[in-house]
Each structure stands twice: as structure tokens, then as C-alpha cells.
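J.: What follows is coords_15.pdb, PDB, C-alpha atoms, pLDDT in the B column.
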ATOM      1  CA  MET A   1      19.611  15.142 104.188  1.00 80.00           C
ATOM      2  CA  PRO A   2      16.690  12.916 103.106  1.00 91.00           C
ATOM      3  CA  TYR A   3      17.322   9.397 101.826  1.00 95.00           C
ATOM      4  CA  PHE A   4      15.685  10.259  98.495  1.00 94.00           C
ATOM      5  CA  ASP A   5      16.917  13.294  96.555  1.00 91.00           C
ATOM      6  CA  ASN A   6      13.674  13.489  94.590  1.00 94.00           C
ATOM      7  CA  ILE A   7      10.184  12.066  94.889  1.00 96.00           C
ATOM      8  CA  GLU A   8      10.421  10.297  91.520  1.00 96.00           C
ATOM      9  CA  ASP A   9      12.962   7.819  92.929  1.00 95.00           C
ATOM     10  CA  LEU A  10      10.619   6.980  95.800  1.00 96.00           C
ATOM     11  CA  TYR A  11       7.697   6.675  93.363  1.00 97.00           C
ATOM     12  CA  TRP A  12       9.704   4.263  91.192  1.00 96.00           C
ATOM     13  CA  CYS A  13      10.668   2.107  94.183  1.00 97.00           C
ATOM     14  CA  LEU A  14       7.104   1.977  95.516  1.00 97.00           C
ATOM     15  CA  GLN A  15       5.642   1.198  92.082  1.00 97.00           C
ATOM     16  CA  GLU A  16       8.096  -1.663  91.662  1.00 97.00           C
ATOM     17  CA  LEU A  17       7.342  -2.854  95.201  1.00 97.00           C
ATOM     18  CA  PHE A  18       3.592  -2.953  94.653  1.00 97.00           C
ATOM     19  CA  ASP A  19       3.999  -4.570  91.236  1.00 97.00           C
ATOM     20  CA  ARG A  20       5.952  -7.378  92.895  1.00 97.00           C
ATOM     21  CA  LEU A  21       3.515  -7.684  95.791  1.00 96.00           C
ATOM     22  CA  SER A  22       0.679  -7.925  93.255  1.00 96.00           C
ATOM     23  CA  ASP A  23       2.491 -10.807  91.542  1.00 97.00           C
ATOM     24  CA  ASP A  24       1.871 -12.910  94.668  1.00 96.00           C
ATOM     25  CA  PRO A  25      -1.699 -14.289  94.321  1.00 97.00           C
ATOM     26  CA  ASP A  26      -2.218 -14.577  98.093  1.00 95.00           C
ATOM     27  CA  ILE A  27      -1.108 -11.008  98.807  1.00 96.00           C
ATOM     28  CA  LYS A  28      -3.130  -9.682  95.891  1.00 96.00           C
ATOM     29  CA  LYS A  29      -6.269 -11.546  96.991  1.00 96.00           C
ATOM     30  CA  LYS A  30      -6.055 -10.337 100.599  1.00 95.00           C
ATOM     31  CA  ALA A  31      -5.253  -6.740  99.605  1.00 95.00           C
ATOM     32  CA  LEU A  32      -8.143  -6.604  97.126  1.00 96.00           C
ATOM     33  CA  ALA A  33     -10.484  -8.135  99.723  1.00 95.00           C
ATOM     34  CA  SER A  34      -9.830  -5.073 101.904  1.00 94.00           C
ATOM     35  CA  LYS A  35     -11.462  -2.808  99.276  1.00 95.00           C
ATOM     36  CA  LEU A  36      -9.356   0.029 100.720  1.00 95.00           C
ATOM     37  CA  ILE A  37      -8.099   3.184  99.088  1.00 96.00           C
ATOM     38  CA  VAL A  38      -5.083   4.512 100.972  1.00 96.00           C
ATOM     39  CA  ASN A  39      -3.371   7.854 100.422  1.00 97.00           C
ATOM     40  CA  PHE A  40       0.226   8.308 101.571  1.00 97.00           C
ATOM     41  CA  VAL A  41       1.295  11.953 101.761  1.00 98.00           C
ATOM     42  CA  TYR A  42       5.035  12.608 101.949  1.00 98.00           C
ATOM     43  CA  ASP A  43       7.272  15.519 102.908  1.00 97.00           C
ATOM     44  CA  ASP A  44      10.962  16.040 102.122  1.00 96.00           C
ATOM     45  CA  PRO A  45      10.772  15.314  99.227  1.00 96.00           C
ATOM     46  CA  GLU A  46       7.122  16.220  98.857  1.00 97.00           C
ATOM     47  CA  GLY A  47       4.673  13.944  97.061  1.00 97.00           C
ATOM     48  CA  GLU A  48       1.888  11.470  97.515  1.00 98.00           C
ATOM     49  CA  VAL A  49       0.946   7.948  96.520  1.00 98.00           C
ATOM     50  CA  TRP A  50      -2.480   6.346  96.256  1.00 98.00           C
ATOM     51  CA  ILE A  51      -3.053   2.604  96.661  1.00 96.00           C
ATOM     52  CA  ASP A  52      -6.423   1.504  95.286  1.00 97.00           C
ATOM     53  CA  CYS A  53      -7.575  -2.008  96.181  1.00 96.00           C
ATOM     54  CA  THR A  54     -11.195  -1.587  95.072  1.00 97.00           C
ATOM     55  CA  GLY A  55     -10.962  -3.248  91.654  1.00 97.00           C
ATOM     56  CA  ASP A  56      -9.478  -6.388  90.129  1.00 97.00           C
ATOM     57  CA  GLU A  57      -5.880  -5.146  90.460  1.00 97.00           C
ATOM     58  CA  ILE A  58      -3.892  -3.269  93.085  1.00 96.00           C
ATOM     59  CA  VAL A  59      -3.341   0.134  91.515  1.00 97.00           C
ATOM     60  CA  LEU A  60      -0.626   2.504  92.700  1.00 97.00           C
ATOM     61  CA  THR A  61      -0.958   6.088  91.508  1.00 98.00           C
ATOM     62  CA  PRO A  62       1.888   8.518  92.245  1.00 97.00           C
ATOM     63  CA  GLY A  63       0.893  12.158  92.653  1.00 96.00           C
ATOM     64  CA  LYS A  64      -2.591  13.632  92.903  1.00 95.00           C
ATOM     65  CA  ALA A  65      -5.546  11.376  92.136  1.00 97.00           C
ATOM     66  CA  ASP A  66      -9.289  11.859  91.890  1.00 96.00           C
ATOM     67  CA  LEU A  67     -10.017   9.301  94.611  1.00 97.00           C
ATOM     68  CA  THR A  68     -11.494   9.351  98.102  1.00 97.00           C
ATOM     69  CA  ALA A  69      -9.212   7.769 100.671  1.00 96.00           C
ATOM     70  CA  ASP A  70     -10.444   5.380 103.341  1.00 96.00           C
ATOM     71  CA  ALA A  71      -7.236   6.176 105.221  1.00 95.00           C
ATOM     72  CA  THR A  72      -4.598   8.871 104.787  1.00 96.00           C
ATOM     73  CA  LEU A  73      -1.142   8.605 106.319  1.00 96.00           C
ATOM     74  CA  THR A  74       1.094  11.684 106.317  1.00 98.00           C
ATOM     75  CA  MET A  75       4.823  11.402 107.046  1.00 98.00           C
ATOM     76  CA  ASP A  76       8.318  12.383 105.982  1.00 97.00           C
ATOM     77  CA  SER A  77       9.600  10.316 103.063  1.00 97.00           C
ATOM     78  CA  ASP A  78      12.359   9.081 105.385  1.00 96.00           C
ATOM     79  CA  VAL A  79       9.732   7.625 107.731  1.00 97.00           C
ATOM     80  CA  ALA A  80       8.117   5.774 104.816  1.00 96.00           C
ATOM     81  CA  HIS A  81      11.528   4.506 103.738  1.00 96.00           C
ATOM     82  CA  LYS A  82      12.230   3.108 107.218  1.00 96.00           C
ATOM     83  CA  PHE A  83       8.802   1.482 107.301  1.00 96.00           C
ATOM     84  CA  TRP A  84       9.324  -0.354 103.992  1.00 96.00           C
ATOM     85  CA  LEU A  85      12.713  -1.531 105.237  1.00 96.00           C
ATOM     86  CA  GLY A  86      10.905  -3.086 108.213  1.00 94.00           C
ATOM     87  CA  LYS A  87      12.774  -0.804 110.618  1.00 95.00           C
ATOM     88  CA  LEU A  88       9.831   1.232 111.873  1.00 94.00           C
ATOM     89  CA  ASN A  89       7.065   0.152 114.214  1.00 91.00           C
ATOM     90  CA  LEU A  90       3.888   1.528 112.646  1.00 90.00           C
ATOM     91  CA  ILE A  91       1.892   1.661 115.884  1.00 90.00           C
ATOM     92  CA  LYS A  92       4.702   3.512 117.673  1.00 95.00           C
ATOM     93  CA  ALA A  93       5.072   5.935 114.731  1.00 96.00           C
ATOM     94  CA  LEU A  94       1.330   6.630 114.807  1.00 94.00           C
ATOM     95  CA  THR A  95       1.261   7.246 118.556  1.00 94.00           C
ATOM     96  CA  SER A  96       4.427   9.379 118.549  1.00 97.00           C
ATOM     97  CA  GLY A  97       3.213  11.579 115.698  1.00 96.00           C
ATOM     98  CA  ASP A  98       5.899  10.517 113.211  1.00 97.00           C
ATOM     99  CA  ILE A  99       2.941   9.413 111.093  1.00 97.00           C
ATOM    100  CA  GLU A 100      -0.305  11.375 111.185  1.00 97.00           C
ATOM    101  CA  SER A 101      -3.443   9.482 110.239  1.00 95.00           C
ATOM    102  CA  GLU A 102      -6.994  10.146 109.147  1.00 96.00           C
ATOM    103  CA  GLY A 103      -9.777   7.729 108.373  1.00 95.00           C
ATOM    104  CA  SER A 104      -9.987   3.964 108.758  1.00 90.00           C
ATOM    105  CA  VAL A 105      -6.553   3.187 110.168  1.00 85.00           C
ATOM    106  CA  PRO A 106      -7.755   0.045 112.041  1.00 88.00           C
ATOM    107  CA  LYS A 107      -8.726  -1.519 108.688  1.00 87.00           C
ATOM    108  CA  LEU A 108      -5.359  -0.539 107.294  1.00 87.00           C
ATOM    109  CA  LEU A 109      -3.537  -2.118 110.235  1.00 86.00           C
ATOM    110  CA  LYS A 110      -5.177  -5.450 109.435  1.00 85.00           C
ATOM    111  CA  LEU A 111      -3.177  -5.465 106.193  1.00 87.00           C
ATOM    112  CA  LEU A 112       0.196  -5.381 107.979  1.00 89.00           C
ATOM    113  CA  PRO A 113       0.599  -9.176 107.980  1.00 89.00           C
ATOM    114  CA  VAL A 114      -0.355  -9.247 104.288  1.00 90.00           C
ATOM    115  CA  ILE A 115       2.386  -6.828 103.246  1.00 91.00           C
ATOM    116  CA  LYS A 116       5.105  -8.338 105.440  1.00 92.00           C
ATOM    117  CA  PRO A 117       6.944  -9.743 102.358  1.00 95.00           C
ATOM    118  CA  ALA A 118       7.514  -6.120 101.295  1.00 96.00           C
ATOM    119  CA  PHE A 119      10.172  -5.795 103.991  1.00 96.00           C
ATOM    120  CA  LYS A 120      12.330  -8.302 102.094  1.00 96.00           C
ATOM    121  CA  ILE A 121      11.481  -7.059  98.585  1.00 97.00           C
ATOM    122  CA  TYR A 122      12.031  -3.328  99.174  1.00 98.00           C
ATOM    123  CA  PRO A 123      15.794  -3.573  99.919  1.00 97.00           C
ATOM    124  CA  GLU A 124      16.195  -5.749  96.803  1.00 97.00           C
ATOM    125  CA  ILE A 125      14.565  -3.002  94.724  1.00 97.00           C
ATOM    126  CA  LEU A 126      16.835  -0.348  96.242  1.00 97.00           C
ATOM    127  CA  THR A 127      19.876  -2.461  95.368  1.00 96.00           C
ATOM    128  CA  GLU A 128      18.659  -2.924  91.774  1.00 95.00           C
ATOM    129  CA  LYS A 129      18.225   0.850  91.474  1.00 93.00           C
ATOM    130  CA  GLY A 130      21.754   1.472  92.787  1.00 94.00           C
ATOM    131  CA  LEU A 131      20.510   2.843  96.092  1.00 93.00           C
ATOM    132  CA  GLU A 132      22.054   0.233  98.378  1.00 93.00           C
ATOM    133  CA  SER A 133      23.740   3.025 100.347  1.00 94.00           C
ATOM    134  CA  ILE A 134      20.372   3.983 101.883  1.00 94.00           C
ATOM    135  CA  ILE A 135      19.438   0.457 103.017  1.00 94.00           C
ATOM    136  CA  ASP A 136      21.376   0.422 106.291  1.00 85.00           C
ATOM    137  CA  VAL A 137      19.467   2.994 108.342  1.00 76.00           C
ATOM    138  CA  GLY A 138      19.023   3.123 112.100  1.00 63.00           C
TER     139      GLY A 138
END
Give the structure from this file in C-alpha cells form.
T.:
Amino acid sequence: MPYFDNIEDLYWCLQELFDRLSDDPDIKKKALASKLIVNFVYDDPEGEVWIDCTGDEIVLTPGKADLTADATLTMDSDVAHKFWLGKLNLIKALTSGDIESEGSVPKLLKLLPVIKPAFKIYPEILTEKGLESIIDVG
């Protein structure tokens, strides 16, 4: 059974996560400097999220968007969940096929150090939403 019963819960958690990351001036500056548009496509539950760093703000759009992605990452929602908990090695997931990629993934990988604080924030958000039972995953 997936960690999230519906995609809306994942959307809410990711929106809150990126809102908090954007509140940090250093993270925001480095993310916006990338000028990347990233599309995350999820299965089980199905959905997608767009992160647009091309303007003055980091914009997260859940669902379909009329954007062109620099990089697209496709994965199960559970894989995304483990990543944001800091319990998934992105390079290993890419090479094993747990995450399929298209586009400018090397540019995206340069942002990993920038988003490192997310691994602390994400479990806090899950707890606030009453989802602490899905924090302790293998």
C-alpha cells in the first residue's frame, strides 16, 4: 500500500515544503539562479508537480502545467517520499531505474546541496499534517 492514499496529500506536503524552502533567502537565491523548470511525474497515486525557478519566486504547480521542463523525473510516489525524507540516494535510484529521467539531469543534480535542508523540514510537515506514521520508512 502506498504511503499516500491520494495525490492531494502529497501535493499539500510538497507545496508546504517548497514554501518553507523559499523562505530561506540563500536557498531561494541558488534555486532561482538555476533557471530550471523541473517536472516530477508520480505513480501510485498518480500525479505530477512542476517546480519553476525561472522567475522571481520558486513556483510549485501541482497537476498539469503549460510549461516546458528542463528535466523530468518519473517515479512512484513512494520513491519521492523516501527521497524527501533523505532516505534515498538519488544517483542510485537513477541508475537502478527507480527514477526515470529525461533532460538536463546534471543541472538538476547540482541543486542537491541547495535543497538539503528539505530532508529536515519534510518530516516536520508530515508530523504537522498527522502523517507521522509514514516517516519511519526503510
J.: Quick one: 4 Å padding each side, axis-aligned, all listed atoms of segment 50-54 of chain A - centre and edge lengths in Å to one decimal, as lines of an AutoDock Vina configuration file?
T.:
center_x = -6.8
center_y = 2.2
center_z = 95.9
size_x = 16.7
size_y = 16.4
size_z = 9.6
J.: Taking (7.1, 8.1, 98.1) as a centre in this file's frame and 7 Å as the limit, can you find every polymer residue with an atom that close, using all atoms listed in the file, and give them as number ranges by chain?
T.: A: 7, 10-11, 14, 42, 47-49, 77
J.: The PyMOL selection byres ((chain A and resi 3) around 9) on the file shown: which residues, as a ChimeraX atom specification?
T.: /A:1-2,4-5,77-78,81,134
J.: Using only C-alpha atoms, which residues sit within 9 Å of segment 87-98 of chain A once same-chain residues fewer than 4 positions away are excluded, as a ChimeraX atom specification?
T.: /A:74-76,79-83,109,119,137-138
J.: Which residue, A:Ala31, A:Leu112, A:Leu73, A:Ile37, has the smallest gap to Asp52 of chain A when you use all atoms listed in the file?
T.: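 Closest to Asp52 of chain A, using all atoms listed in the file: A:Ile37.
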J.: Running the PyMOL selection byres ((chain A and resi 115) around 12) on this model by hand, what would come out? Give it as a PyMOL selection string.
T.: chain A and resi 17-18+20-22+24+26-31+83-86+108-114+116-122
J.: Could you list, as a list in words, every residue within 6 Å of segment 61-72 of chain A, counting only C-alpha atoms and ignoring same-chain residues fewer than 3 positions away?
T.: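 In the requested format, the answer is Ile37, Val38, Asn39, Phe40, Glu48, Val49, Trp50, Ser101, Glu102, Gly103, Ser104 and Val105 of chain A.
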J.: Could you tell me which of A:Cys53, A:Glu16, A:Pro25, A:Leu32 comes closest to Ile125 of chain A if we count only C-alpha atoms?
T.: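 Among the listed residues, the smallest separation from Ile125 of chain A belongs to A:Glu16.
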J.: For Asp44 of chain A, which residue among A:Lys129, A:Asp136, A:Asn6, A:Glu100 is the nearest when counting all atoms listed in the file?
T.: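 Checking each of A:Lys129, A:Asp136, A:Asn6, A:Glu100 against Asp44 of chain A, counting all atoms listed in the file, the winner is A:Asn6.
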J.: Using all atoms listed in the file, pick whichever of A:Asp23, A:Glu46, A:Glu57, A:Glu132 has the shortest atom-to-atom distance to Glu8 of chain A.
T.: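 Selected residue with least distance to Glu8 of chain A: A:Glu46.
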J.: Mind giving me the straight-line distance from atom CA of Thr127 of chain A to atom CA of Asp43 of chain A in Å, one decimal?
T.: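 Straight-line distance from atom CA of Thr127 of chain A to atom CA of Asp43 of chain A works out to 23.2 Å.
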J.: Please compute the atom CA of Pro106 of chain A-atom CA of Lys35 of chain A distance, one decimal, in Å.
T.: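 Those two atoms sit 13.6 Å apart.
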J.: Reconstruct N, CA and C atoms of segment 109-120 of chain A from the incomplete input and present them as an mmCIF file, keeping the file's coordinate frame.
T.:
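New file selection.cif:
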data_model
loop_
_atom_site.group_PDB
_atom_site.id
_atom_site.type_symbol
_atom_site.label_atom_id
_atom_site.label_comp_id
_atom_site.auth_asym_id
_atom_site.auth_seq_id
_atom_site.Cartn_x
_atom_site.Cartn_y
_atom_site.Cartn_z
ATOM 1 N N LEU A 109 -4.445 -1.346 109.394
ATOM 2 C CA LEU A 109 -3.537 -2.118 110.235
ATOM 3 C C LEU A 109 -3.725 -3.627 110.055
ATOM 4 N N LYS A 110 -4.922 -4.031 109.681
ATOM 5 C CA LYS A 110 -5.177 -5.450 109.435
ATOM 6 C C LYS A 110 -4.392 -5.966 108.231
ATOM 7 N N LEU A 111 -3.939 -5.067 107.370
ATOM 8 C CA LEU A 111 -3.177 -5.465 106.193
ATOM 9 C C LEU A 111 -1.692 -5.649 106.481
ATOM 10 N N LEU A 112 -1.233 -5.256 107.666
ATOM 11 C CA LEU A 112 0.196 -5.381 107.979
ATOM 12 C C LEU A 112 0.736 -6.798 107.761
ATOM 13 N N PRO A 113 0.057 -7.830 108.235
ATOM 14 C CA PRO A 113 0.599 -9.176 107.980
ATOM 15 C C PRO A 113 0.638 -9.530 106.494
ATOM 16 N N VAL A 114 -0.282 -8.970 105.730
ATOM 17 C CA VAL A 114 -0.355 -9.247 104.288
ATOM 18 C C VAL A 114 0.859 -8.684 103.565
ATOM 19 N N ILE A 115 1.283 -7.493 103.961
ATOM 20 C CA ILE A 115 2.386 -6.828 103.246
ATOM 21 C C ILE A 115 3.759 -7.130 103.834
ATOM 22 N N LYS A 116 3.818 -8.008 104.811
ATOM 23 C CA LYS A 116 5.105 -8.338 105.440
ATOM 24 C C LYS A 116 6.199 -8.713 104.430
ATOM 25 N N PRO A 117 5.887 -9.433 103.341
ATOM 26 C CA PRO A 117 6.944 -9.743 102.358
ATOM 27 C C PRO A 117 7.604 -8.498 101.753
ATOM 28 N N ALA A 118 6.942 -7.356 101.841
ATOM 29 C CA ALA A 118 7.514 -6.120 101.295
ATOM 30 C C ALA A 118 8.829 -5.770 101.972
ATOM 31 N N PHE A 119 8.971 -6.145 103.244
ATOM 32 C CA PHE A 119 10.172 -5.795 103.991
ATOM 33 C C PHE A 119 11.412 -6.514 103.452
ATOM 34 N N LYS A 120 11.220 -7.589 102.741
ATOM 35 C CA LYS A 120 12.330 -8.302 102.094
ATOM 36 C C LYS A 120 12.537 -7.787 100.660
#
